[in-house]
file entry_6.txt (compact mmCIF, C-alpha atoms (C1' of nucleotides))
# COMPACT_ATOMS: atom_id res chain seq x y z
CA MET A 415 -13.79 -17.85 -12.41
CA LYS A 416 -11.54 -15.75 -10.27
CA THR A 417 -8.63 -15.45 -12.58
CA THR A 418 -5.66 -13.30 -11.75
CA ASN A 419 -7.02 -9.82 -12.27
CA PHE A 420 -3.86 -8.43 -10.83
CA TYR A 421 -2.56 -6.92 -14.04
CA GLU A 422 -6.00 -5.76 -15.01
CA LYS A 423 -6.45 -3.93 -11.73
CA VAL A 424 -3.09 -2.31 -12.02
CA TYR A 425 -3.84 -1.08 -15.50
CA GLN A 426 -7.12 0.44 -14.40
CA ILE A 427 -5.51 2.37 -11.59
CA VAL A 428 -2.64 3.60 -13.72
CA ARG A 429 -5.12 4.72 -16.31
CA ARG A 430 -6.88 6.78 -13.64
CA ILE A 431 -3.81 8.83 -12.90
CA PRO A 432 -4.73 12.42 -13.75
CA TYR A 433 -2.59 14.62 -15.94
CA GLY A 434 0.31 16.22 -14.17
CA LYS A 435 0.14 13.72 -11.33
CA VAL A 436 2.15 10.68 -10.37
CA THR A 437 1.78 7.71 -8.09
CA THR A 438 3.93 4.97 -6.66
CA TYR A 439 4.00 1.22 -7.02
CA GLY A 440 3.47 0.78 -3.31
CA LEU A 441 0.30 2.87 -3.32
CA ILE A 442 -1.14 0.91 -6.20
CA ALA A 443 -0.24 -2.37 -4.59
CA ALA A 444 -1.69 -1.18 -1.31
CA HIS A 445 -4.88 -0.18 -3.06
CA LEU A 446 -5.10 -3.68 -4.45
CA GLY A 447 -4.74 -4.99 -0.94
CA VAL A 448 -1.35 -6.49 -1.59
CA LYS A 449 1.05 -3.79 -0.58
CA SER A 450 3.66 -6.48 -0.18
CA SER A 451 3.53 -7.08 -3.89
CA SER A 452 4.71 -3.66 -4.89
CA ARG A 453 7.17 -5.36 -7.17
CA MET A 454 4.37 -7.11 -8.98
CA VAL A 455 2.89 -3.75 -9.85
CA GLY A 456 5.99 -2.74 -11.69
CA TYR A 457 6.14 -6.16 -13.25
CA ALA A 458 2.60 -5.73 -14.48
CA MET A 459 3.54 -2.41 -15.99
CA ASN A 460 6.06 -4.29 -18.03
CA SER A 461 3.18 -5.75 -19.98
CA SER A 462 1.38 -2.44 -20.02
CA HIS A 463 3.13 -1.56 -23.24
CA SER A 464 0.73 -4.00 -24.80
CA LEU A 465 -2.17 -1.75 -23.89
CA PRO A 466 -2.84 1.89 -24.86
CA ASN A 467 -3.46 4.77 -22.50
CA ILE A 468 -1.16 3.36 -19.89
CA PRO A 469 0.85 6.33 -18.59
CA ALA A 470 3.54 4.22 -17.05
CA HIS A 471 5.73 7.28 -16.92
CA ARG A 472 3.46 8.59 -14.16
CA VAL A 473 4.34 5.66 -11.97
CA VAL A 474 7.49 5.88 -9.92
CA ASN A 475 8.82 4.26 -6.81
CA ARG A 476 8.09 5.56 -3.35
CA ASN A 477 11.15 7.79 -3.52
CA GLY A 478 9.76 9.58 -6.54
CA MET A 479 12.63 8.23 -8.56
CA LEU A 480 12.21 7.24 -12.19
CA THR A 481 13.37 3.71 -11.62
CA GLY A 482 11.66 2.35 -14.71
CA LYS A 483 13.01 4.91 -17.10
CA PHE A 484 15.39 2.36 -18.55
CA HIS A 485 12.47 0.25 -19.60
CA PHE A 486 11.12 2.90 -21.89
CA PRO A 487 11.93 3.02 -25.60
CA THR A 488 14.46 5.62 -24.60
CA PRO A 489 15.66 6.23 -21.04
CA THR A 490 15.01 9.92 -21.46
CA LEU A 491 11.45 9.55 -22.65
CA MET A 492 10.05 9.09 -19.17
CA GLU A 493 11.40 12.30 -17.69
CA GLU A 494 10.57 14.10 -20.90
CA LEU A 495 6.95 13.10 -20.58
CA LEU A 496 6.82 14.07 -16.92
CA GLN A 497 8.39 17.44 -17.54
CA ASN A 498 5.98 17.88 -20.39
CA GLU A 499 3.20 17.62 -17.83
CA GLY A 500 4.74 20.30 -15.69
CA ILE A 501 6.60 17.96 -13.40
CA ARG A 502 10.19 18.90 -12.84
CA VAL A 503 12.60 16.02 -12.90
CA LYS A 504 16.16 16.30 -11.70
CA ASN A 505 18.63 13.48 -11.53
CA ASP A 506 15.90 10.98 -12.41
CA MET A 507 14.02 12.22 -9.39
CA ILE A 508 10.81 14.20 -9.25
CA ILE A 509 11.13 17.55 -7.52
CA ASN A 510 8.36 18.15 -5.00
CA PHE A 511 7.32 14.62 -5.75
CA LYS A 512 5.03 14.62 -2.77
CA ASN A 513 3.30 17.63 -4.26
CA TYR A 514 2.46 15.75 -7.44
CA LEU A 515 1.67 12.51 -5.67
CA TRP A 516 -1.74 11.14 -6.49
CA ILE A 517 -3.37 8.42 -4.46
CA PRO A 518 -5.73 5.94 -6.15
CA GLU A 519 -9.21 6.11 -4.73
CA ASN A 520 -12.57 4.66 -5.55
CA ASP A 521 -13.75 8.10 -6.59
C1' DT B 1469 5.84 -28.69 -12.37
C1' DC B 1470 9.65 -26.23 -10.66
C1' DT B 1471 12.88 -22.34 -11.02
C1' DT B 1472 14.09 -17.64 -11.91
C1' DT B 1473 12.91 -13.17 -12.41
C1' DG B 1474 11.52 -8.52 -11.08
C1' DA B 1475 9.70 -0.75 -13.10
C1' DC B 1476 9.79 -2.20 -4.70
C1' DG B 1477 9.59 -1.63 0.23
C1' DC B 1478 10.89 -2.29 4.86
C1' DT B 1479 13.79 -3.51 8.84
C1' DG B 1480 18.17 -4.04 10.85
C1' DA B 1481 23.02 -2.71 11.67
C1' DA C 776 21.52 9.74 8.83
C1' DT C 777 23.35 6.09 5.42
C1' DC C 778 24.17 1.24 3.62
C1' DA C 779 23.02 -3.52 3.03
C1' DG C 780 20.16 -7.49 3.04
C1' DC C 781 15.75 -9.92 3.08
C1' DG C 782 10.90 -10.57 2.05
C1' DC C 783 6.52 -10.75 -1.15
C1' DC C 784 3.96 -12.81 -4.64
C1' DA C 785 2.67 -13.49 -9.26
C1' DA C 786 4.06 -14.59 -14.19
C1' DA C 787 6.92 -16.49 -17.82
C1' DG C 788 10.32 -20.02 -19.36

call {"tool": "encode", "arguments": {"input": "entry_6.txt", "output": "structure tokens"}}
result
Amino acid sequence: MKTTNFYEKVYQIVRRIPYGKVTTYGLIAAHLGVKSSSRMVGYAMNSSHSLPNIPAHRVVNRNGMLTGKFHFPTPTLMEELLQNEGIRVKNDMIINFKNYLWIPEND
DNA sequence: TCTTTGACGCTGA
DNA sequence: ATCAGCGCCAAAG
């Protein structure tokens, strides 16, 4: 059957993001083997609101910038959640982003 | 069925 | 180092 598991894969990875950690669209896409489709990852997240336990706020772009914050119920919710996890956000950007960066692995 | 969109990333100037 | 433009690929209308 080989349907498009793209979204499904993305959701699984995002769900695996540990508390206090963040990842990027590019890393997720790369993990799926389609690093060129980094945009699709974010697009998939758009539907993530339909599913629970999808910490979309832990997913940022490769610059560590909260690009998708405007897509949240409130544009401040995303940084609020991140800061709530101990991640410092300044100017919509994660401080020491690289320090909080989490890379999806097969565990 | 075809067109437009899109929470990104990279290369070139 | 900074700015701008193009490319990717899948999903929804």

call {"tool": "residues_near_point", "arguments": {"input": "entry_6.txt", "point": "(-2.1, -5.8, -14.3)", "cutoff": "12 Å", "atoms": "all atoms listed in the file", "output": "ChimeraX atom specification"}}
result
/A:417-429,439,442-443,446,451-465,468,470 /C:785-786

call {"tool": "atom_distance", "arguments": {"input": "entry_6.txt", "atom1": "atom CA of A:Arg476", "atom2": "atom C1' of B:DT1473"}}
result
21.4 Å

call {"tool": "interface_residues", "arguments": {"input": "entry_6.txt", "of": "chain B", "to": "chain A", "cutoff": "9 Å", "atoms": "all atoms listed in the file", "output": "VMD selection string"}}
result
chain B and resid 1474 to 1477

call {"tool": "atom_distance", "arguments": {"input": "entry_6.txt", "atom1": "atom CA of A:Pro518", "atom2": "atom CA of A:Thr488"}}
result
27.4 Å

call {"tool": "atom_distance", "arguments": {"input": "entry_6.txt", "atom1": "atom CA of A:Glu519", "atom2": "atom CA of A:Asn505"}}
result
29.6 Å

call {"tool": "closest_residue", "arguments": {"input": "entry_6.txt", "among": "A:Val436, A:Gly500, A:Val448, A:Leu441", "to": "chain C", "atoms": "all atoms listed in the file"}}
result
A:Val448

call {"tool": "residues_around", "arguments": {"input": "entry_6.txt", "residues": "stretch 1478-1481 of chain B", "least_positions_apart": "2", "cutoff": "9 Å", "atoms": "only C-alpha atoms (C1' of nucleotides)", "output": "list in words"}}
result
DA779, DG780, DC781 and DG782 of chain C

call {"tool": "closest_residue", "arguments": {"input": "entry_6.txt", "among": "A:Lys435, A:Lys512, A:His445, A:Arg430", "to": "A:Asn498", "atoms": "only C-alpha atoms"}}
result
A:Lys435

call {"tool": "residues_around", "arguments": {"input": "entry_6.txt", "residues": "A:Tyr433", "least_positions_apart": "4", "cutoff": "10 Å", "atoms": "all atoms listed in the file", "output": "list in words"}}
result
Pro469, Arg472, Leu496, Glu499, Gly500 and Tyr514 of chain A

call {"tool": "write_last_selection", "arguments": {"input": "entry_6.txt", "atoms": "C-alpha atoms", "output": "compact mmCIF listing (two decimals), in the frame of the given file"}}
result
# COMPACT_ATOMS: atom_id res chain seq x y z
CA PRO A 469 0.85 6.33 -18.59
CA ARG A 472 3.46 8.59 -14.16
CA LEU A 496 6.82 14.07 -16.92
CA GLU A 499 3.20 17.62 -17.83
CA GLY A 500 4.74 20.30 -15.69
CA TYR A 514 2.46 15.75 -7.44
